[in-house]
file run-v4.txt (compact mmCIF, C-alpha atoms (C1' of nucleotides))
# COMPACT_ATOMS: atom_id res chain seq x y z
CA MET P 13 -30.06 74.00 10.93
CA LYS P 14 -27.95 76.58 9.17
CA TRP P 15 -28.81 76.47 5.56
CA ASP P 16 -25.24 76.41 4.27
CA ALA P 17 -24.58 73.33 6.37
CA LEU P 18 -26.54 71.36 3.84
CA GLU P 19 -23.62 71.31 1.48
CA GLU P 20 -21.52 69.48 4.03
CA GLU P 21 -24.10 66.78 4.70
CA PRO P 22 -23.00 63.32 3.66
CA CYS P 23 -25.98 63.10 1.32
CA SER P 24 -26.01 64.00 -2.33
CA LEU P 25 -29.65 64.93 -2.17
CA ALA P 26 -29.03 67.39 0.67
CA ARG P 27 -26.07 68.90 -1.13
CA THR P 28 -28.07 69.36 -4.28
CA ILE P 29 -30.84 70.99 -2.32
CA GLY P 30 -28.21 73.28 -0.85
CA VAL P 31 -27.61 74.56 -4.36
CA ILE P 32 -31.04 74.65 -5.99
CA GLY P 33 -33.42 73.91 -3.16
CA ASP P 34 -34.94 77.29 -2.58
CA ARG P 35 -38.09 78.75 -3.91
CA TRP P 36 -36.62 80.52 -6.92
CA SER P 37 -33.54 78.77 -8.25
CA LEU P 38 -35.36 76.08 -10.17
CA LEU P 39 -37.65 78.62 -11.76
CA ILE P 40 -34.67 80.70 -12.78
CA LEU P 41 -33.13 77.59 -14.26
CA ARG P 42 -36.35 76.81 -16.10
CA GLU P 43 -35.94 80.16 -17.81
CA CYS P 44 -32.33 79.32 -18.60
CA PHE P 45 -33.41 76.13 -20.31
CA LEU P 46 -35.97 78.18 -22.23
CA ARG P 47 -33.09 80.37 -23.40
CA THR P 48 -33.57 83.40 -21.23
CA ARG P 49 -30.16 84.90 -20.55
CA ARG P 50 -30.54 88.40 -19.20
CA PHE P 51 -31.51 90.03 -15.96
CA GLU P 52 -34.59 91.77 -17.28
CA GLY P 53 -35.67 88.61 -19.04
CA PHE P 54 -35.64 86.61 -15.85
CA GLN P 55 -37.26 89.35 -13.89
CA SER P 56 -40.17 89.93 -16.22
CA ALA P 57 -40.75 86.24 -16.89
CA LEU P 58 -40.81 85.30 -13.24
CA GLY P 59 -41.97 88.35 -11.34
CA ILE P 60 -39.20 87.75 -8.84
CA THR P 61 -37.99 90.81 -6.97
CA ARG P 62 -34.88 92.32 -8.47
CA HIS P 63 -33.09 92.01 -5.19
CA LEU P 64 -33.57 88.28 -4.91
CA LEU P 65 -32.92 87.71 -8.57
CA ALA P 66 -29.53 89.36 -8.25
CA GLU P 67 -28.76 87.24 -5.20
CA ARG P 68 -29.81 83.98 -6.77
CA LEU P 69 -27.93 84.62 -9.98
CA LYS P 70 -24.82 85.34 -7.95
CA LYS P 71 -25.24 82.15 -6.02
CA LEU P 72 -25.80 80.04 -9.12
CA VAL P 73 -22.70 81.54 -10.69
CA ARG P 74 -20.71 80.91 -7.52
CA GLN P 75 -21.87 77.32 -7.57
CA GLY P 76 -20.81 76.87 -11.16
CA VAL P 77 -24.30 76.28 -12.47
CA LEU P 78 -24.35 79.46 -14.53
CA ARG P 79 -21.59 81.42 -16.18
CA ARG P 80 -21.67 85.22 -16.33
CA ILE P 81 -20.52 86.40 -19.72
CA PRO P 82 -20.11 90.01 -20.85
CA TYR P 83 -22.03 90.88 -23.97
CA ARG P 84 -21.51 94.63 -24.00
CA GLU P 85 -18.78 96.81 -22.64
CA ALA P 86 -19.94 100.36 -22.37
CA PRO P 87 -22.42 99.96 -19.58
CA LYS P 88 -21.08 96.60 -18.47
CA ARG P 89 -23.71 93.99 -19.27
CA HIS P 90 -23.66 90.26 -18.82
CA GLU P 91 -25.59 87.21 -19.85
CA TYR P 92 -26.16 84.21 -17.67
CA ILE P 93 -25.80 80.90 -19.43
CA LEU P 94 -25.84 77.33 -18.25
CA THR P 95 -22.52 75.61 -17.70
CA GLN P 96 -22.21 71.88 -18.22
CA LYS P 97 -22.94 71.49 -14.53
CA GLY P 98 -26.10 73.48 -15.12
CA LEU P 99 -27.05 71.55 -18.23
CA ASP P 100 -26.67 68.39 -16.21
CA LEU P 101 -29.68 69.50 -14.20
CA TYR P 102 -31.84 68.67 -17.18
CA PRO P 103 -32.93 65.30 -15.80
CA VAL P 104 -33.97 67.03 -12.59
CA MET P 105 -36.08 69.51 -14.53
CA MET P 106 -37.63 66.80 -16.62
CA ALA P 107 -38.41 64.67 -13.60
CA LEU P 108 -40.16 67.60 -11.94
CA VAL P 109 -42.05 68.48 -15.10
CA HIS P 110 -43.14 64.92 -15.63
CA TRP P 111 -44.43 64.62 -12.09
CA GLY P 112 -46.39 67.81 -12.59
CA ASP P 113 -47.69 66.51 -15.91
CA THR P 114 -48.83 63.35 -14.19
CA HIS P 115 -50.28 64.71 -10.98
CA MET P 116 -50.91 68.41 -11.28
CA VAL P 117 -52.59 69.07 -14.64
CA ASP P 118 -56.06 70.50 -14.84
CA GLU P 119 -58.77 69.31 -17.23
CA ARG P 120 -57.14 71.11 -20.13
CA GLY P 121 -54.04 68.97 -20.12
CA ARG P 122 -50.34 69.61 -20.24
CA PRO P 123 -49.01 73.09 -20.67
CA LEU P 124 -46.00 71.87 -22.62
CA LEU P 125 -45.22 68.92 -24.86
CA HIS P 126 -41.73 67.62 -25.48
CA GLU P 127 -40.43 66.35 -28.77
CA HIS P 128 -37.28 64.29 -29.01
CA ARG P 129 -35.33 65.41 -32.03
CA LYS P 130 -33.54 62.14 -32.42
CA CYS P 131 -36.68 60.10 -32.89
CA GLY P 132 -39.10 62.85 -33.78
CA LYS P 133 -41.76 61.75 -31.30
CA LEU P 134 -43.51 63.38 -28.39
CA PHE P 135 -42.22 61.61 -25.32
CA ASN P 136 -42.18 61.28 -21.57
CA PRO P 137 -38.94 61.17 -19.63
CA VAL P 138 -38.34 57.83 -17.96
CA MET P 139 -35.76 57.11 -15.28
CA VAL P 140 -33.98 53.83 -15.95
CA CYS P 141 -31.18 51.75 -14.52
CA SER P 142 -27.85 52.45 -16.22
CA GLU P 143 -26.99 48.73 -16.08
CA CYS P 144 -30.07 46.93 -17.30
CA GLY P 145 -32.14 49.73 -18.77
CA GLU P 146 -35.28 48.89 -16.81
CA PRO P 147 -37.41 51.70 -15.38
CA LEU P 148 -36.67 52.37 -11.72
CA SER P 149 -39.01 52.38 -8.81
CA ALA P 150 -38.23 52.92 -5.15
CA LYS P 151 -39.01 49.37 -4.11
CA GLU P 152 -36.55 47.81 -6.50
CA VAL P 153 -33.63 49.79 -5.23
CA HIS P 154 -31.51 48.95 -2.25
CA THR P 155 -29.08 51.49 -0.81
CA HIS P 156 -25.64 50.83 0.66
CA PRO P 157 -23.32 53.23 2.39
CA GLY P 158 -20.70 54.42 -0.07
CA PRO P 159 -17.10 55.55 0.51
CA GLY P 160 -18.27 59.06 1.38
CA ALA P 161 -20.75 57.92 4.01
CA ARG P 162 -20.44 59.34 7.50
CA PRO P 163 -18.40 56.77 9.49
CA ALA P 164 -20.57 55.97 12.51
CA SER P 165 -23.64 57.86 11.59
CA PRO P 166 -26.84 58.28 13.51
CA ARG P 167 -27.92 60.59 10.74
CA LEU P 168 -30.18 58.39 8.66
CA PRO P 169 -31.82 55.98 11.06
CA VAL P 170 -33.55 53.43 8.91
CA ASP P 171 -35.61 52.63 11.94
CA LYS P 172 -36.10 53.41 15.58
CA PRO P 173 -36.37 49.85 16.83
CA ALA P 174 -36.09 48.81 20.47
CA LYS P 175 -38.69 51.29 21.60
CA ALA P 176 -41.56 50.24 19.35
CA LYS P 177 -42.44 47.19 21.42
CA ARG P 178 -45.32 48.99 22.99
CA SER P 179 -47.21 49.36 19.74
CA ARG P 180 -47.88 45.66 19.57
CA GLN P 181 -51.60 46.22 19.98
CA ALA P 182 -51.70 46.62 16.21
CA ALA P 183 -49.10 44.13 15.11
CA MET H 16 -45.50 86.55 -6.45
CA LYS H 17 -47.76 84.86 -3.96
CA TRP H 18 -46.39 81.45 -3.32
CA ASP H 19 -49.67 79.59 -3.69
CA ALA H 20 -50.10 81.13 -7.11
CA LEU H 21 -47.46 78.74 -8.36
CA GLU H 22 -49.95 75.94 -8.45
CA GLU H 23 -52.06 77.82 -10.94
CA GLU H 24 -49.22 78.56 -13.30
CA PRO H 25 -49.52 76.91 -16.69
CA CYS H 26 -46.26 75.13 -16.11
CA SER H 27 -45.83 71.68 -14.65
CA LEU H 28 -42.47 72.58 -13.22
CA ALA H 29 -43.91 75.56 -11.37
CA ARG H 30 -46.80 73.48 -10.05
CA THR H 31 -44.45 70.81 -8.80
CA ILE H 32 -42.31 73.42 -7.12
CA GLY H 33 -45.46 74.71 -5.49
CA VAL H 34 -45.77 71.33 -3.78
CA ILE H 35 -42.21 70.34 -2.94
CA GLY H 36 -40.16 73.41 -3.77
CA ASP H 37 -39.36 74.68 -0.33
CA ARG H 38 -36.31 74.08 1.78
CA TRP H 39 -37.63 71.14 3.75
CA SER H 40 -40.13 69.09 1.80
CA LEU H 41 -37.62 67.19 -0.27
CA LEU H 42 -35.58 66.34 2.80
CA ILE H 43 -38.70 65.11 4.56
CA LEU H 44 -39.45 63.00 1.52
CA ARG H 45 -35.92 61.65 1.53
CA GLU H 46 -36.63 60.33 4.99
CA CYS H 47 -39.89 58.84 3.78
CA PHE H 48 -38.05 56.96 1.06
CA LEU H 49 -35.61 55.78 3.74
CA ARG H 50 -38.62 54.42 5.65
CA THR H 51 -38.99 57.02 8.35
CA ARG H 52 -42.66 57.28 9.21
CA ARG H 53 -43.10 59.13 12.47
CA PHE H 54 -42.89 62.67 13.71
CA GLU H 55 -39.98 62.11 16.05
CA GLY H 56 -38.15 60.16 13.40
CA PHE H 57 -38.30 63.02 10.94
CA GLN H 58 -37.47 65.56 13.57
CA SER H 59 -34.39 63.86 14.91
CA ALA H 60 -33.10 62.82 11.49
CA LEU H 61 -33.42 66.29 10.01
CA GLY H 62 -33.09 68.73 12.87
CA ILE H 63 -36.05 70.64 11.48
CA THR H 64 -38.00 72.65 14.02
CA ARG H 65 -41.08 70.85 15.27
CA HIS H 66 -43.24 73.71 14.21
CA LEU H 67 -42.17 73.60 10.60
CA LEU H 68 -42.20 69.84 10.49
CA ALA H 69 -45.83 69.79 11.58
CA GLU H 70 -46.66 72.36 8.91
CA ARG H 71 -44.86 70.59 6.13
CA LEU H 72 -46.34 67.22 6.96
CA LYS H 73 -49.78 68.79 6.91
CA LYS H 74 -49.10 70.31 3.55
CA LEU H 75 -47.76 67.11 2.06
CA VAL H 76 -50.81 65.24 3.32
CA ARG H 77 -53.11 67.92 1.91
CA GLN H 78 -51.36 67.59 -1.43
CA GLY H 79 -51.79 63.85 -1.46
CA VAL H 80 -48.09 63.08 -1.33
CA LEU H 81 -48.29 61.48 2.11
CA ARG H 82 -51.08 59.67 3.89
CA ARG H 83 -51.61 60.04 7.64
CA ILE H 84 -52.43 56.69 9.16
CA PRO H 85 -53.28 56.00 12.81
CA TYR H 86 -51.12 53.40 14.43
CA ARG H 87 -52.25 53.78 18.03
CA GLU H 88 -55.45 54.94 19.58
CA ALA H 89 -54.95 55.87 23.18
CA PRO H 90 -52.85 58.95 22.69
CA LYS H 91 -53.76 59.34 19.03
CA ARG H 92 -50.67 58.66 16.99
CA HIS H 93 -50.15 58.59 13.26
CA GLU H 94 -47.61 57.51 10.71
CA TYR H 95 -46.87 59.34 7.51
CA ILE H 96 -46.41 57.14 4.50
CA LEU H 97 -45.92 57.82 0.82
CA THR H 98 -48.95 57.59 -1.43
CA GLN H 99 -48.54 56.52 -5.03
CA LYS H 100 -48.31 60.21 -5.88
CA GLY H 101 -45.48 60.43 -3.38
CA LEU H 102 -43.76 57.30 -4.63
CA ASP H 103 -43.90 58.80 -8.10
CA LEU H 104 -41.45 61.41 -6.88
CA TYR H 105 -38.76 58.76 -6.90
CA PRO H 106 -37.32 59.85 -10.26
CA VAL H 107 -37.08 63.39 -8.92
CA MET H 108 -35.16 62.19 -5.89
CA MET H 109 -32.88 60.04 -7.98
CA ALA H 110 -32.21 62.86 -10.41
CA LEU H 111 -31.25 65.15 -7.55
CA VAL H 112 -29.08 62.50 -5.93
CA HIS H 113 -27.35 61.71 -9.17
CA TRP H 114 -26.55 65.34 -9.83
CA GLY H 115 -25.11 65.61 -6.35
CA ASP H 116 -23.12 62.43 -6.90
CA THR H 117 -21.73 63.89 -10.09
CA HIS H 118 -21.04 67.44 -9.04
CA MET H 119 -21.02 67.74 -5.28
CA VAL H 120 -18.99 64.84 -3.88
CA ASP H 121 -15.81 65.43 -1.93
CA GLU H 122 -12.63 63.40 -2.31
CA ARG H 123 -14.10 60.54 -0.35
CA GLY H 124 -16.74 59.71 -2.90
CA ARG H 125 -20.44 59.05 -2.82
CA PRO H 126 -22.28 58.87 0.46
CA LEU H 127 -24.71 56.28 -0.85
CA LEU H 128 -24.64 53.58 -3.50
CA HIS H 129 -27.72 52.20 -5.19
CA GLU H 130 -28.29 48.62 -6.11
CA HIS H 131 -30.96 47.56 -8.57
CA ARG H 132 -32.62 44.42 -7.28
CA LYS H 133 -33.75 43.31 -10.69
CA CYS H 134 -30.27 43.13 -12.14
CA GLY H 135 -28.26 43.04 -8.93
CA LYS H 136 -25.85 45.76 -10.01
CA LEU H 137 -24.83 49.11 -8.62
CA PHE H 138 -26.25 51.66 -11.01
CA ASN H 139 -26.78 55.27 -11.92
CA PRO H 140 -30.19 56.60 -12.82
CA VAL H 141 -30.46 57.69 -16.45
CA MET H 142 -33.24 59.77 -17.93
CA VAL H 143 -34.32 58.40 -21.30
CA CYS H 144 -36.92 59.04 -23.97
CA SER H 145 -40.02 56.89 -23.51
CA GLU H 146 -40.25 56.41 -27.27
CA CYS H 147 -36.76 55.51 -28.39
CA GLY H 148 -35.01 54.79 -25.12
CA GLU H 149 -32.10 57.13 -25.80
CA PRO H 150 -30.70 59.26 -22.97
CA LEU H 151 -32.08 62.78 -22.98
CA SER H 152 -30.24 66.04 -23.09
CA ALA H 153 -31.62 69.55 -23.24
CA LYS H 154 -30.41 70.24 -26.75
CA GLU H 155 -32.18 67.28 -28.26
CA VAL H 156 -35.55 68.27 -26.96
CA HIS H 157 -37.91 70.72 -28.54
CA THR H 158 -40.94 72.02 -26.66
CA HIS H 159 -44.38 72.79 -28.04
CA PRO H 160 -47.31 74.41 -26.30
CA GLY H 161 -49.70 71.69 -25.15
CA PRO H 162 -53.46 71.81 -24.66
CA GLY H 163 -53.05 73.31 -21.20
CA ALA H 164 -50.84 76.16 -22.38
CA ARG H 165 -51.92 79.68 -21.57
CA PRO H 166 -53.73 80.95 -24.71
CA ALA H 167 -51.89 84.14 -25.61
CA SER H 168 -49.12 83.99 -23.15
CA PRO H 169 -46.38 86.50 -22.54
CA ARG H 170 -45.34 84.29 -19.68
CA LEU H 171 -42.46 82.33 -21.14
CA PRO H 172 -40.85 84.62 -23.65
CA VAL H 173 -38.39 82.51 -25.58
CA ASP H 174 -36.74 85.73 -26.55
CA LYS H 175 -36.99 89.47 -26.26
CA PRO H 176 -36.35 90.32 -29.91
CA ALA H 177 -37.03 93.69 -31.52
CA LYS H 178 -35.14 95.60 -28.85
CA ALA H 179 -31.80 93.87 -29.14
CA LYS H 180 -30.80 95.72 -32.30
CA ARG H 181 -28.55 97.99 -30.35
CA SER H 182 -26.22 95.26 -29.24
CA ARG H 183 -24.93 94.77 -32.76
CA GLN H 184 -21.44 95.81 -31.74
CA ALA H 185 -20.88 92.23 -30.70
CA ALA H 186 -22.87 90.36 -33.30
C1' DT S 14 -48.56 56.88 43.99
C1' DT S 15 -45.26 59.64 42.25
C1' DC S 16 -41.82 60.49 38.82
C1' DA S 17 -39.51 60.24 34.49
C1' DT S 18 -39.89 59.39 29.71
C1' DA S 19 -41.90 58.69 24.85
C1' DC S 20 -44.49 60.78 21.54
C1' DA S 21 -46.85 64.31 18.67
C1' DG S 22 -47.76 68.14 18.49
C1' DT S 23 -48.74 73.73 19.76
C1' DT S 24 -47.38 78.31 21.30
C1' DC S 25 -44.38 82.07 21.65
C1' DT S 26 -40.44 85.35 20.69
C1' DA S 27 -36.38 86.51 18.13
C1' DA S 28 -33.88 86.21 13.91
C1' DA S 29 -33.55 85.63 9.01
C1' DA S 30 -35.35 85.95 4.45
C1' DA S 31 -38.50 87.71 0.97
C1' DT S 32 -41.35 91.42 -0.90
C1' DG S 33 -42.26 95.96 -2.90
C1' DA S 34 -40.95 100.12 -4.21
C1' DA S 35 -37.79 103.53 -5.16
C1' DC S 36 -33.17 104.82 -6.42
C1' DT S 37 -28.32 104.71 -9.09
C1' DG S 38 -25.55 104.93 -13.09
C1' DT S 39 -24.26 104.26 -17.98
C1' DC S 40 -25.30 104.67 -22.56
C1' DA S 41 -28.54 105.23 -26.99
C1' DA S 42 -32.01 107.33 -29.33
C1' DT S 43 -34.99 111.48 -29.92
C1' DA A 27 -31.82 118.14 -22.70
C1' DT A 28 -34.87 114.38 -21.97
C1' DT A 29 -36.43 109.74 -22.08
C1' DG A 30 -35.94 104.96 -21.86
C1' DA A 31 -33.39 100.35 -21.62
C1' DC A 32 -30.73 97.73 -18.71
C1' DA A 33 -28.63 95.75 -14.51
C1' DG A 34 -28.42 96.20 -10.63
C1' DT A 35 -28.57 98.33 -5.22
C1' DT A 36 -30.85 100.20 -1.14
C1' DC A 37 -34.18 100.21 2.35
C1' DA A 38 -38.60 99.76 4.99
C1' DT A 39 -42.17 96.30 5.65
C1' DT A 40 -44.02 91.70 5.76
C1' DT A 41 -43.56 86.82 5.92
C1' DT A 42 -40.99 82.68 7.23
C1' DT A 43 -38.08 80.17 9.94
C1' DA A 44 -35.49 79.04 14.09
C1' DG A 45 -35.24 77.98 18.87
C1' DA A 46 -37.02 77.05 22.94
C1' DA A 47 -40.51 76.01 26.09
C1' DC A 48 -45.01 74.12 26.96
C1' DT A 49 -49.35 70.73 26.58
C1' DG A 50 -51.43 66.39 27.06
C1' DT A 51 -51.89 61.29 26.97
C1' DA A 52 -49.98 57.11 28.27
C1' DT A 53 -46.31 53.69 29.82
C1' DG A 54 -42.81 51.88 32.88
C1' DA A 55 -40.00 52.41 36.93
C1' DA A 56 -39.19 53.60 41.91

call {"tool": "encode", "arguments": {"input": "run-v4.txt", "output": "structure tokens"}}
result
Amino acid sequence: MKWDALEEEPCSLARTIGVIGDRWSLLILRECFLRTRRFEGFQSALGITRHLLAERLKKLVRQGVLRRIPYREAPKRHEYILTQKGLDLYPVMMALVHWGDTHMVDERGRPLLHEHRKCGKLFNPVMVCSECGEPLSAKEVHTHPGPGARPASPRLPVDKPAKAKRSRQAA
Amino acid sequence: MKWDALEEEPCSLARTIGVIGDRWSLLILRECFLRTRRFEGFQSALGITRHLLAERLKKLVRQGVLRRIPYREAPKRHEYILTQKGLDLYPVMMALVHWGDTHMVDERGRPLLHEHRKCGKLFNPVMVCSECGEPLSAKEVHTHPGPGARPASPRLPVDKPAKAKRSRQAA
DNA sequence: TTCATACAGTTCTAAAAATGAACTGTCAAT
DNA sequence: ATTGACAGTTCATTTTTAGAACTGTATGAA
């Protein structure tokens, strides 16, 4: 599969991965959320090669996730800051962080705690249903093809029936 | 940076990326959530090379995200199914999908709609504070070092002060 | 009995991407 | 005149990925 083809897939997950689904983009964005704005800042915080950093920043700008803003004229210098589209990735970041907090901590505990300014408490992010407010889990969600679904699509086979007859020895 | 080093970083986001932050793992997991379980199913749905698919499945099993369960003896065959750790990635998937739905759809609209069985409505996933239930945004959250933070860490410099004096021409 | 097909991989070579290190160019401070 | 900060670019080397073919067990068909 060509990697750019992802953005044309009739799947919002695939398209999102086309934008931020490589090894570095999310780490660069982590730095953005931690208020890093400049090339050297990203580079020294992440240890990414300068070559790749330049590439990734360009891509994120092209995708509208970051904006490149001049902050000095003489030797042209720019800062990279999150656009609204970029800020909207916050739930993605929090979901990833929370999974790591839940499943990947060592005996010492979480590296970072989050405080919600509105209520003043340390919190966990919870994914809820916009309609009823209940926390979501995979089993309580049913998917339907939407208007942008591929018309007659063999792309997401929910099952491969018909051929599984043979495995009756276990059923 | 060695890629395995990510899992030792004192950052839950980095550790999570160490597990699922490559080009294919999240797409494989998408298929898992859509109830694909077998090698051929993943391969034909994704178009991933067989070689990589085998590698990624092994890694996901090693990480405890998938479990490899025999479903036929004669020619040994296995199914890959989500563990609880894997199911816990659901908020990550939903966050990614929702961002794609918001920022990456074409004129035709969303490829997939989600229905919440509990309330019967089509919904969007919303990330809220576990303490007060309000939706979260980056600006309302303050981070503190937790118990697992690196002791004297120059790893996540919130700023590079001291040297920025020169750029006063703009300030 | 032979042949084709399903399934779950493994092996191999070529192509693409990432790493590491050095280099470029502008300006400020010394 | 020299040094250092900053934001890249260039290039050789290494690592990953893609693409295709191959392996091996078993089933069903001819």

call {"tool": "interface_residues", "arguments": {"input": "run-v4.txt", "of": "chain H", "to": "chain A", "cutoff": "10 Å", "atoms": "only C-alpha atoms (C1' of nucleotides)", "output": "compact mmCIF listing (two decimals) with C-alpha atoms, in the coordinates of the input"}}
result
# COMPACT_ATOMS: atom_id res chain seq x y z
CA ILE H 63 -36.05 70.64 11.48
CA THR H 64 -38.00 72.65 14.02
CA ARG H 65 -41.08 70.85 15.27
CA HIS H 66 -43.24 73.71 14.21
CA LEU H 67 -42.17 73.60 10.60
CA ALA H 89 -54.95 55.87 23.18
CA PRO H 90 -52.85 58.95 22.69
CA LYS H 91 -53.76 59.34 19.03
CA LYS H 178 -35.14 95.60 -28.85

call {"tool": "atom_distance", "arguments": {"input": "run-v4.txt", "atom1": "CA of Glu94 in chain H", "atom2": "CA of Gln58 in chain H"}}
result
13.3 Å

call {"tool": "interface_residues", "arguments": {"input": "run-v4.txt", "of": "chain S", "to": "chain P", "cutoff": "12 Å", "atoms": "all atoms listed in the file", "output": "list in words"}}
result
DT18, DA19, DC20, DA29, DA30, DA31, DT32, DG33, DA34, DG38, DT39, DC40 and DA41 of chain S

call {"tool": "atom_distance", "arguments": {"input": "run-v4.txt", "atom1": "CA of Trp111 in chain P", "atom2": "CA of Leu28 in chain H"}}
result
8.3 Å

call {"tool": "atom_distance", "arguments": {"input": "run-v4.txt", "atom1": "CA of Glu146 in chain P", "atom2": "CA of Pro22 in chain P"}}
result
27.9 Å

call {"tool": "decode", "arguments": {"input": "run-v4.txt", "residues": "range 77-96 of chain H", "atoms": "N, CA and C atoms", "output": "PDB file, in the first residue's frame"}}
result
ATOM      1  N   ARG H  77       2.910 -10.140  22.090  1.00  0.00           N
ATOM      2  CA  ARG H  77       3.964 -10.000  23.101  1.00  0.00           C
ATOM      3  C   ARG H  77       3.621  -8.879  24.079  1.00  0.00           C
ATOM      4  N   GLN H  78       3.000  -7.832  23.561  1.00  0.00           N
ATOM      5  CA  GLN H  78       2.666  -6.683  24.404  1.00  0.00           C
ATOM      6  C   GLN H  78       1.382  -6.891  25.182  1.00  0.00           C
ATOM      7  N   GLY H  79       0.719  -8.006  24.933  1.00  0.00           N
ATOM      8  CA  GLY H  79      -0.508  -8.264  25.692  1.00  0.00           C
ATOM      9  C   GLY H  79      -1.736  -7.551  25.171  1.00  0.00           C
ATOM     10  N   VAL H  80      -1.649  -7.043  23.959  1.00  0.00           N
ATOM     11  CA  VAL H  80      -2.797  -6.352  23.371  1.00  0.00           C
ATOM     12  C   VAL H  80      -3.719  -7.359  22.687  1.00  0.00           C
ATOM     13  N   LEU H  81      -3.125  -8.387  22.099  1.00  0.00           N
ATOM     14  CA  LEU H  81      -3.895  -9.468  21.492  1.00  0.00           C
ATOM     15  C   LEU H  81      -3.531 -10.789  22.171  1.00  0.00           C
ATOM     16  N   ARG H  82      -4.461 -11.732  22.083  1.00  0.00           N
ATOM     17  CA  ARG H  82      -4.176 -13.080  22.544  1.00  0.00           C
ATOM     18  C   ARG H  82      -4.276 -13.995  21.336  1.00  0.00           C
ATOM     19  N   ARG H  83      -3.391 -14.991  21.277  1.00  0.00           N
ATOM     20  CA  ARG H  83      -3.347 -15.914  20.140  1.00  0.00           C
ATOM     21  C   ARG H  83      -3.945 -17.232  20.588  1.00  0.00           C
ATOM     22  N   ILE H  84      -5.111 -17.543  19.997  1.00  0.00           N
ATOM     23  CA  ILE H  84      -5.875 -18.683  20.483  1.00  0.00           C
ATOM     24  C   ILE H  84      -6.073 -19.717  19.390  1.00  0.00           C
ATOM     25  N   PRO H  85      -5.703 -20.968  19.653  1.00  0.00           N
ATOM     26  CA  PRO H  85      -5.863 -22.010  18.644  1.00  0.00           C
ATOM     27  C   PRO H  85      -7.333 -22.260  18.359  1.00  0.00           C
ATOM     28  N   TYR H  86      -7.649 -22.422  17.096  1.00  0.00           N
ATOM     29  CA  TYR H  86      -9.024 -22.751  16.766  1.00  0.00           C
ATOM     30  C   TYR H  86      -9.094 -24.018  15.910  1.00  0.00           C
ATOM     31  N   ARG H  87      -7.952 -24.564  15.549  1.00  0.00           N
ATOM     32  CA  ARG H  87      -7.931 -25.844  14.856  1.00  0.00           C
ATOM     33  C   ARG H  87      -6.583 -26.503  15.085  1.00  0.00           C
ATOM     34  N   GLU H  88      -6.612 -27.799  15.229  1.00  0.00           N
ATOM     35  CA  GLU H  88      -5.379 -28.492  15.565  1.00  0.00           C
ATOM     36  C   GLU H  88      -4.578 -28.886  14.332  1.00  0.00           C
ATOM     37  N   ALA H  89      -5.218 -29.699  13.503  1.00  0.00           N
ATOM     38  CA  ALA H  89      -4.498 -30.385  12.439  1.00  0.00           C
ATOM     39  C   ALA H  89      -3.420 -29.530  11.785  1.00  0.00           C
ATOM     40  N   PRO H  90      -3.750 -28.604  10.855  1.00  0.00           N
ATOM     41  CA  PRO H  90      -2.699 -27.648  10.602  1.00  0.00           C
ATOM     42  C   PRO H  90      -2.928 -26.566  11.625  1.00  0.00           C
ATOM     43  N   LYS H  91      -2.069 -26.461  12.571  1.00  0.00           N
ATOM     44  CA  LYS H  91      -2.210 -25.497  13.675  1.00  0.00           C
ATOM     45  C   LYS H  91      -2.675 -24.137  13.157  1.00  0.00           C
ATOM     46  N   ARG H  92      -3.800 -23.705  13.669  1.00  0.00           N
ATOM     47  CA  ARG H  92      -4.321 -22.404  13.273  1.00  0.00           C
ATOM     48  C   ARG H  92      -4.731 -21.622  14.504  1.00  0.00           C
ATOM     49  N   HIS H  93      -4.565 -20.313  14.420  1.00  0.00           N
ATOM     50  CA  HIS H  93      -4.873 -19.480  15.583  1.00  0.00           C
ATOM     51  C   HIS H  93      -5.704 -18.277  15.205  1.00  0.00           C
ATOM     52  N   GLU H  94      -6.433 -17.771  16.174  1.00  0.00           N
ATOM     53  CA  GLU H  94      -7.134 -16.508  16.009  1.00  0.00           C
ATOM     54  C   GLU H  94      -6.497 -15.476  16.929  1.00  0.00           C
ATOM     55  N   TYR H  95      -6.582 -14.243  16.500  1.00  0.00           N
ATOM     56  CA  TYR H  95      -6.051 -13.156  17.304  1.00  0.00           C
ATOM     57  C   TYR H  95      -7.215 -12.362  17.856  1.00  0.00           C
ATOM     58  N   ILE H  96      -7.335 -12.314  19.165  1.00  0.00           N
ATOM     59  CA  ILE H  96      -8.445 -11.538  19.707  1.00  0.00           C
ATOM     60  C   ILE H  96      -7.948 -10.550  20.758  1.00  0.00           C
TER      61      ILE H  96
END
